[in-house]
Each structure stands twice: as C-alpha cells, then as structure tokens.
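J.: I am sharing query_6.pdb, which consists of PDB, C-alpha atoms:
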```pdb
ATOM      1  CA  MET A   1      40.667  31.146 138.149
ATOM      2  CA  SER A   2      39.549  32.758 134.894
ATOM      3  CA  GLN A   3      41.812  33.347 131.897
ATOM      4  CA  PRO A   4      43.196  36.889 131.938
ATOM      5  CA  ASN A   5      42.298  39.354 129.217
ATOM      6  CA  ILE A   6      44.190  42.239 130.754
ATOM      7  CA  THR A   7      45.033  45.627 129.315
ATOM      8  CA  LEU A   8      47.102  47.956 131.466
ATOM      9  CA  TYR A   9      46.845  51.705 130.875
ATOM     10  CA  THR A  10      49.957  53.209 132.357
ATOM     11  CA  ALA A  11      52.898  55.594 132.274
ATOM     12  CA  GLN A  12      56.380  55.630 133.783
ATOM     13  CA  THR A  13      55.484  56.731 137.305
ATOM     14  CA  PRO A  14      55.834  55.100 140.752
ATOM     15  CA  ASN A  15      52.119  54.280 140.705
ATOM     16  CA  GLY A  16      52.161  53.038 137.129
ATOM     17  CA  ILE A  17      54.959  50.530 137.564
ATOM     18  CA  LYS A  18      53.305  48.949 140.588
ATOM     19  CA  ILE A  19      50.901  47.150 138.312
ATOM     20  CA  SER A  20      53.340  46.028 135.631
ATOM     21  CA  ILE A  21      55.621  44.690 138.385
ATOM     22  CA  ALA A  22      52.738  42.742 139.933
ATOM     23  CA  LEU A  23      51.760  41.331 136.536
ATOM     24  CA  GLU A  24      55.343  40.240 135.894
ATOM     25  CA  GLU A  25      55.672  38.684 139.349
ATOM     26  CA  LEU A  26      52.528  36.674 138.589
ATOM     27  CA  SER A  27      53.762  35.813 135.068
ATOM     28  CA  LEU A  28      50.447  36.998 133.623
ATOM     29  CA  PRO A  29      49.973  37.941 129.965
ATOM     30  CA  TYR A  30      48.828  41.505 129.435
ATOM     31  CA  ASN A  31      48.592  44.255 126.857
ATOM     32  CA  VAL A  32      49.964  47.727 127.482
ATOM     33  CA  GLU A  33      48.492  51.070 126.454
ATOM     34  CA  LYS A  34      50.981  53.859 127.133
ATOM     35  CA  ILE A  35      49.154  56.970 128.326
ATOM     36  CA  ASP A  36      50.900  60.184 127.293
ATOM     37  CA  MET A  37      50.070  62.481 130.188
ATOM     38  CA  THR A  38      51.908  65.392 128.568
ATOM     39  CA  LYS A  39      49.086  65.388 126.020
ATOM     40  CA  SER A  40      46.349  64.843 128.638
ATOM     41  CA  VAL A  41      45.340  61.505 127.128
ATOM     42  CA  GLN A  42      44.154  60.496 130.602
ATOM     43  CA  LYS A  43      41.481  63.198 130.323
ATOM     44  CA  GLU A  44      40.052  61.947 127.030
ATOM     45  CA  GLU A  45      36.497  60.655 127.071
ATOM     46  CA  TRP A  46      37.399  57.068 126.178
ATOM     47  CA  PHE A  47      39.791  56.871 129.119
ATOM     48  CA  LEU A  48      37.390  58.496 131.568
ATOM     49  CA  LYS A  49      34.981  55.628 130.874
ATOM     50  CA  ILE A  50      37.637  53.343 132.385
ATOM     51  CA  ASN A  51      38.779  55.672 135.156
ATOM     52  CA  PRO A  52      36.440  58.595 135.866
ATOM     53  CA  ASN A  53      39.201  60.230 137.901
ATOM     54  CA  GLY A  54      41.449  60.634 134.859
ATOM     55  CA  ARG A  55      44.575  59.153 136.387
ATOM     56  CA  ILE A  56      46.873  56.219 135.727
ATOM     57  CA  PRO A  57      47.182  53.346 136.256
ATOM     58  CA  ALA A  58      43.979  51.731 135.087
ATOM     59  CA  LEU A  59      43.291  48.173 134.032
ATOM     60  CA  THR A  60      40.579  46.316 132.164
ATOM     61  CA  ASP A  61      39.909  42.599 132.232
ATOM     62  CA  THR A  62      37.155  40.156 131.345
ATOM     63  CA  PHE A  63      35.394  39.349 134.613
ATOM     64  CA  SER A  64      33.873  35.999 135.594
ATOM     65  CA  ASP A  65      30.494  37.135 134.228
ATOM     66  CA  GLY A  66      32.007  37.525 130.756
ATOM     67  CA  GLN A  67      31.784  41.323 130.858
ATOM     68  CA  GLN A  68      34.604  43.852 130.986
ATOM     69  CA  ILE A  69      35.587  45.116 134.409
ATOM     70  CA  ASN A  70      37.315  48.467 134.834
ATOM     71  CA  LEU A  71      39.802  48.874 137.655
ATOM     72  CA  PHE A  72      41.432  52.071 138.856
ATOM     73  CA  GLU A  73      43.438  53.210 141.891
ATOM     74  CA  SER A  74      46.670  51.242 142.181
ATOM     75  CA  GLY A  75      45.847  49.642 145.543
ATOM     76  CA  SER A  76      42.514  48.398 144.234
ATOM     77  CA  ILE A  77      44.172  46.953 141.128
ATOM     78  CA  LEU A  78      46.802  45.158 143.218
ATOM     79  CA  GLN A  79      44.129  43.638 145.428
ATOM     80  CA  TYR A  80      42.176  42.535 142.353
ATOM     81  CA  LEU A  81      45.205  40.820 140.837
ATOM     82  CA  ALA A  82      45.972  39.066 144.114
ATOM     83  CA  ASP A  83      42.364  37.924 144.550
ATOM     84  CA  GLN A  84      41.824  36.787 140.966
ATOM     85  CA  TYR A  85      45.206  35.488 139.844
ATOM     86  CA  ASP A  86      47.325  34.518 142.828
ATOM     87  CA  PRO A  87      46.012  31.180 144.145
ATOM     88  CA  ASP A  88      49.560  30.139 145.057
ATOM     89  CA  HIS A  89      50.131  33.361 147.002
ATOM     90  CA  LYS A  90      53.210  34.501 145.146
ATOM     91  CA  ILE A  91      52.549  38.143 146.057
ATOM     92  CA  SER A  92      49.868  37.708 148.699
ATOM     93  CA  PHE A  93      48.859  35.605 151.682
ATOM     94  CA  PRO A  94      45.763  33.492 152.378
ATOM     95  CA  LYS A  95      42.653  35.500 153.200
ATOM     96  CA  GLY A  96      42.024  35.601 156.920
ATOM     97  CA  SER A  97      45.644  34.974 157.848
ATOM     98  CA  ARG A  98      47.637  37.331 160.048
ATOM     99  CA  GLU A  99      49.842  38.207 157.085
ATOM    100  CA  TYR A 100      46.828  39.037 154.909
ATOM    101  CA  TYR A 101      45.769  41.798 157.284
ATOM    102  CA  GLU A 102      49.318  42.993 157.824
ATOM    103  CA  VAL A 103      49.708  43.388 154.053
ATOM    104  CA  ASN A 104      46.600  45.580 154.091
ATOM    105  CA  ASN A 105      48.200  47.736 156.803
ATOM    106  CA  TRP A 106      51.200  48.536 154.631
ATOM    107  CA  LEU A 107      49.242  48.751 151.393
ATOM    108  CA  PHE A 108      47.036  51.481 152.861
ATOM    109  CA  PHE A 109      50.076  53.092 154.531
ATOM    110  CA  GLN A 110      51.581  53.560 151.085
ATOM    111  CA  ASN A 111      48.413  54.629 149.290
ATOM    112  CA  ALA A 112      47.303  57.069 151.986
ATOM    113  CA  GLY A 113      50.709  58.165 153.269
ATOM    114  CA  VAL A 114      53.905  57.648 151.313
ATOM    115  CA  GLY A 115      52.403  58.207 147.870
ATOM    116  CA  PRO A 116      50.485  61.419 148.584
ATOM    117  CA  MET A 117      53.224  62.941 150.750
ATOM    118  CA  GLN A 118      56.062  62.080 148.377
ATOM    119  CA  GLY A 119      53.958  63.194 145.434
ATOM    120  CA  GLN A 120      53.521  66.603 147.049
ATOM    121  CA  ALA A 121      57.241  66.697 147.879
ATOM    122  CA  ASN A 122      57.924  66.121 144.186
ATOM    123  CA  HIS A 123      55.452  68.849 143.236
ATOM    124  CA  PHE A 124      56.793  71.575 145.498
ATOM    125  CA  SER A 125      60.431  70.617 144.864
ATOM    126  CA  ARG A 126      60.229  70.130 141.082
ATOM    127  CA  TYR A 127      56.997  71.307 139.482
ATOM    128  CA  ALA A 128      55.657  74.328 141.360
ATOM    129  CA  PRO A 129      55.993  77.617 139.417
ATOM    130  CA  GLU A 130      57.766  79.127 142.413
ATOM    131  CA  ARG A 131      59.718  77.582 145.267
ATOM    132  CA  ILE A 132      57.747  77.793 148.495
ATOM    133  CA  GLU A 133      60.013  76.634 151.307
ATOM    134  CA  TYR A 134      57.156  75.882 153.660
ATOM    135  CA  GLY A 135      55.602  73.491 151.128
ATOM    136  CA  VAL A 136      58.929  71.860 150.303
ATOM    137  CA  ASN A 137      59.829  71.362 153.960
ATOM    138  CA  ARG A 138      56.349  70.189 154.953
ATOM    139  CA  TYR A 139      56.153  67.392 152.419
ATOM    140  CA  VAL A 140      59.802  66.365 152.256
ATOM    141  CA  ASN A 141      59.972  66.094 156.046
ATOM    142  CA  GLU A 142      56.705  64.154 156.244
ATOM    143  CA  THR A 143      57.964  61.746 153.586
ATOM    144  CA  ARG A 144      61.193  61.342 155.563
ATOM    145  CA  ARG A 145      59.133  60.567 158.665
ATOM    146  CA  LEU A 146      57.226  57.864 156.810
ATOM    147  CA  TYR A 147      60.485  56.450 155.475
ATOM    148  CA  GLY A 148      61.648  56.275 159.079
ATOM    149  CA  VAL A 149      58.594  54.196 159.965
ATOM    150  CA  LEU A 150      59.404  51.788 157.129
ATOM    151  CA  ASP A 151      63.080  51.668 158.063
ATOM    152  CA  LYS A 152      62.334  50.825 161.698
ATOM    153  CA  HIS A 153      59.856  48.147 160.672
ATOM    154  CA  LEU A 154      62.285  46.547 158.213
ATOM    155  CA  ALA A 155      65.001  46.470 160.865
ATOM    156  CA  GLN A 156      62.862  43.840 162.597
ATOM    157  CA  SER A 157      62.095  41.821 159.444
ATOM    158  CA  LYS A 158      63.784  38.426 159.295
ATOM    159  CA  SER A 159      62.967  37.957 155.610
ATOM    160  CA  GLY A 160      63.828  41.449 154.379
ATOM    161  CA  TYR A 161      60.223  41.961 153.191
ATOM    162  CA  LEU A 162      57.534  44.118 154.741
ATOM    163  CA  VAL A 163      55.302  41.184 155.660
ATOM    164  CA  GLY A 164      55.957  37.484 156.180
ATOM    165  CA  ASP A 165      58.532  35.433 154.353
ATOM    166  CA  HIS A 166      58.116  36.640 150.760
ATOM    167  CA  ILE A 167      57.302  39.592 148.534
ATOM    168  CA  SER A 168      53.749  40.888 148.611
ATOM    169  CA  ILE A 169      51.654  43.651 147.114
ATOM    170  CA  ALA A 170      52.717  45.731 150.124
ATOM    171  CA  ASP A 171      56.330  45.665 148.918
ATOM    172  CA  ILE A 172      55.317  46.189 145.293
ATOM    173  CA  SER A 173      53.204  49.205 146.244
ATOM    174  CA  HIS A 174      56.170  50.933 147.904
ATOM    175  CA  TRP A 175      59.076  50.005 145.661
ATOM    176  CA  GLY A 176      58.723  52.559 142.853
ATOM    177  CA  TRP A 177      58.339  55.402 145.314
ATOM    178  CA  VAL A 178      61.362  54.444 147.389
ATOM    179  CA  ALA A 179      63.438  53.851 144.251
ATOM    180  CA  SER A 180      62.770  57.490 143.290
ATOM    181  CA  ALA A 181      63.455  58.958 146.737
ATOM    182  CA  GLY A 182      66.157  61.244 145.368
ATOM    183  CA  TRP A 183      63.705  62.981 143.032
ATOM    184  CA  ALA A 184      61.832  64.152 146.139
ATOM    185  CA  GLY A 185      65.043  65.368 147.751
ATOM    186  CA  ILE A 186      65.395  62.463 150.160
ATOM    187  CA  ASP A 187      68.750  60.792 150.848
ATOM    188  CA  ILE A 188      68.027  57.081 150.994
ATOM    189  CA  ASP A 189      71.343  56.508 152.794
ATOM    190  CA  GLU A 190      69.654  57.900 155.903
ATOM    191  CA  PHE A 191      67.502  54.762 155.949
ATOM    192  CA  PRO A 192      69.852  51.748 155.684
ATOM    193  CA  ASN A 193      67.199  49.061 156.178
ATOM    194  CA  LEU A 194      64.912  50.621 153.608
ATOM    195  CA  LYS A 195      67.812  51.004 151.190
ATOM    196  CA  ALA A 196      68.718  47.314 151.626
ATOM    197  CA  TRP A 197      65.067  46.379 151.011
ATOM    198  CA  GLU A 198      64.922  48.488 147.830
ATOM    199  CA  GLU A 199      68.122  46.868 146.530
ATOM    200  CA  LEU A 200      66.879  43.369 147.448
ATOM    201  CA  LEU A 201      63.697  43.832 145.459
ATOM    202  CA  ALA A 202      65.521  45.444 142.535
ATOM    203  CA  GLN A 203      67.258  42.124 141.854
ATOM    204  CA  ARG A 204      64.019  40.247 141.271
ATOM    205  CA  PRO A 205      63.324  39.393 137.602
ATOM    206  CA  GLY A 206      59.712  40.546 137.908
ATOM    207  CA  ILE A 207      60.753  43.959 139.164
ATOM    208  CA  LYS A 208      63.560  44.286 136.649
ATOM    209  CA  LYS A 209      61.089  43.692 133.825
ATOM    210  CA  GLY A 210      58.004  45.392 135.242
ATOM    211  CA  ARG A 211      59.799  48.599 136.203
ATOM    212  CA  ASP A 212      60.520  49.324 132.524
ATOM    213  CA  VAL A 213      56.858  49.345 131.452
ATOM    214  CA  PRO A 214      55.871  51.239 129.389
ATOM    215  CA  SER A 215      59.285  52.951 129.104
ATOM    216  CA  PRO A 216      62.681  52.636 130.810
ATOM    217  CA  HIS A 217      62.809  53.331 134.536
ATOM    218  CA  ASN A 218      65.782  55.694 134.704
ATOM    219  CA  VAL A 219      65.028  58.021 137.598
ATOM    220  CA  LYS A 220      68.291  57.283 139.415
ATOM    221  CA  GLU A 221      70.339  58.045 136.320
ATOM    222  CA  LEU A 222      68.270  61.187 135.762
ATOM    223  CA  ILE A 223      68.982  62.487 139.260
ATOM    224  CA  LYS A 224      72.742  62.108 138.804
ATOM    225  CA  ASP A 225      72.781  64.547 135.875
ATOM    226  CA  LYS A 226      71.662  67.871 137.347
ATOM    227  CA  ASP A 227      71.275  69.637 134.010
ATOM    228  CA  THR A 228      69.168  66.835 132.551
ATOM    229  CA  ALA A 229      67.119  66.625 135.752
ATOM    230  CA  LYS A 230      66.484  70.367 135.662
ATOM    231  CA  LYS A 231      65.373  70.192 132.035
ATOM    232  CA  PHE A 232      63.122  67.202 132.735
ATOM    233  CA  ALA A 233      61.541  68.999 135.700
ATOM    234  CA  ALA A 234      60.966  72.121 133.594
ATOM    235  CA  GLU A 235      59.197  70.093 130.936
ATOM    236  CA  GLY A 236      57.159  68.352 133.606
ATOM    237  CA  GLN A 237      56.229  71.666 135.170
ATOM    238  CA  LYS A 238      54.622  72.789 131.911
ATOM    239  CA  TRP A 239      52.188  69.910 131.610
ATOM    240  CA  VAL A 240      51.562  69.681 135.362
ATOM    241  CA  GLN A 241      50.597  73.347 135.483
ATOM    242  CA  ALA A 242      48.522  73.030 132.305
ATOM    243  CA  GLY A 243      46.702  70.071 133.824
ATOM    244  CA  MET A 244      46.002  71.981 137.023
ATOM    245  CA  LYS A 245      44.595  74.875 135.018
ATOM    246  CA  GLU A 246      42.347  72.539 133.041
ATOM    247  CA  ASP A 247      41.185  70.752 136.215
ATOM    248  CA  SER A 248      40.221  74.065 137.782
ATOM    249  CA  LYS A 249      37.611  74.558 135.064
ATOM    250  CA  ASN A 250      35.717  71.395 136.011
TER
END
```
Mind converting the file's structure to structure tokens?
T.:
Amino acid sequence: MSQPNITLYTAQTPNGIKISIALEELSLPYNVEKIDMTKSVQKEEWFLKINPNGRIPALTDTFSDGQQINLFESGSILQYLADQYDPDHKISFPKGSREYYEVNNWLFFQNAGVGPMQGQANHFSRYAPERIEYGVNRYVNETRRLYGVLDKHLAQSKSGYLVGDHISIADISHWGWVASAGWAGIDIDEFPNLKAWEELLAQRPGIKKGRDVPSPHNVKELIKDKDTAKKFAAEGQKWVQAGMKEDSKN
C-alpha cells in the first residue's frame, strides 16, 4: 500500500461528504480544497483538468507509478480508496467474496438511482424557477420508492448495515442522501428501518467528522426553520439557474 498524498476537492453536498466520510473511516491524511459552486469554481480550467465534467467531488493522489492520478465520480473514488487503502477491509470486503459483489449492487443502486432521483426531487421542489407538480411528484415519488427498497432490505439485515457485518462504501454512499431526505420532501419516519440505519451510522466517529467537511452539515437544522430554508433555497436557485444557463452554451 502506497503512502497517500490525497487532496479532496469538495463542497457540502450528499455526494461531497461521501468521500470525506470514507477518508475519516480509513483514518487517512488528506488535504481539502473547498469548491465554491456559487462562483462556478468547478467550471474553472484548472479544475476541469481534474474532472472534465465540472462536478464535485474530485480527488487527486500520487499513484504507484509516482504520477498524479485524478479521480472523479463519487462511486469511482470510493472504489479507489477501498482498493488502494483498505487492506483490513474496514469499509469494504475481500475481492471475489459474496459481500464484495453485494456492495457493488448497492453502490450502483445509489449512484444510478437514489442520487439522481433525489437530486431531481431537490431541483423541482427547491430550485426550479416555477413549481411544476408533475416534476415534483415524479421525482419525489420515485425517491420514496427507492427508499422503500432500502427499508425492506434493511429489515432483513442482522447487522444493521446494507451488506455483511460492518459498514461499507455502500452505506457511506447512501448516508448523506438519506440524512437530507427532508430537503427533498420525504418523511423519513415512513421508513423505520432506514431511519434506524441512518441514526446508527450518524453515531460513528468517522461520519461525525467527515460529514462536516468542508463546512458544517446542518441540513436537518435548516429544514426545521422554514424561513431560513426558503432563503437558502432562493439563493441556491440563483446559482443553479445561472449554471444551467452557462452549461447550455457549451
């Protein structure tokens, strides 16, 4: 295992905190570059050399050949960290094992399902310039369906984790999204097993520390104050819409 030379480029989002949580769970040293998306830093040329897609999170490290490696897409970064820095399988399972492939099931379930659907639920509920009920209902209901899949699966878990007997990158990939369910208009109380899982993970030191990178994770407090939440959403709408307008030119 090589010595890490990791820099994490991130922001306070469900995808961003996946990586800082994984790094904390592995007790790895790392540097943090906070990416101010309200100023479109993620679209600057220097950042696009790391992630051509202009999104966070991204990560750089010194690879085994002595050269810098650029990682982007949160699932890819989690797999890299597990492969390179988790010989004791703190957040993974041995390659080729049943659990290894089951982790992949849930990792891709989150990256291809929960994340995109909940992200669109957030957009149509909070950031769209006008409220389109069809869009809100489509994505909120699909996210609720996916939560139901997770809830049913966790009802059968003896350990309380998605796979096997300990936390894995499958759990880490989901946690930030489920912790912010209320922002998407989803009542987590409808999913008691998923709620218990979210609360179980929230007590872990690695998650407590990693969730606050690069800034405090306060989504639950934000949701409780309707006026503050409305103001935050309005500010978010401005830069989201500006970013969409800029993207349309490319």
J.: To verify the selection step, state as a PyMOL selection string which residues the PyMOL selection byres ((chain A and resi 155) around 12) yields on this input.
T.: chain A and resi 148-154+156-162+191-197
J.: One number please: atom CA of A:Pro205 to atom CA of A:Gln68, in Å, one decimal.
T.: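 Rounded to one decimal, the two atoms are 29.8 Å apart.
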J.: Hey, what's within 12 Å of A:Ser97 if we count only C-alpha atoms and toss same-chain stuff fewer than 6 positions away? As a compact mmCIF listing (two decimals) with C-alpha atoms, in the coordinates of the input, please?
T.:
```txt
# COMPACT_ATOMS: atom_id res chain seq x y z
CA HIS A 89 50.13 33.36 147.00
CA VAL A 103 49.71 43.39 154.05
CA ASN A 104 46.60 45.58 154.09
CA VAL A 163 55.30 41.18 155.66
CA GLY A 164 55.96 37.48 156.18
```
J.: Pick the closest to A:Pro14 from A:Trp183, A:Phe232, A:Tyr30, A:Trp175: which is it, counting all atoms listed in the file?
T.: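 Checking each candidate against A:Pro14, we get A:Trp175 as the closest.
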J.: Between A:Gln12, A:Ala82, A:Asn70, A:Asp189, which has the minimum distance to A:Asp36 (counting all atoms listed in the file)?
T.: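 Selected residue with least distance to A:Asp36: A:Gln12.
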J.: Padding 4 Å on every side, please: axis-aligned box over the listed atoms of stretch 52-66 of chain A, centre and edge lengths to one decimal in Å, as lines of an AutoDock Vina configuration file.
T.:
```
center_x = 38.8
center_y = 48.3
center_z = 134.3
size_x = 24.7
size_y = 32.6
size_z = 15.1
```
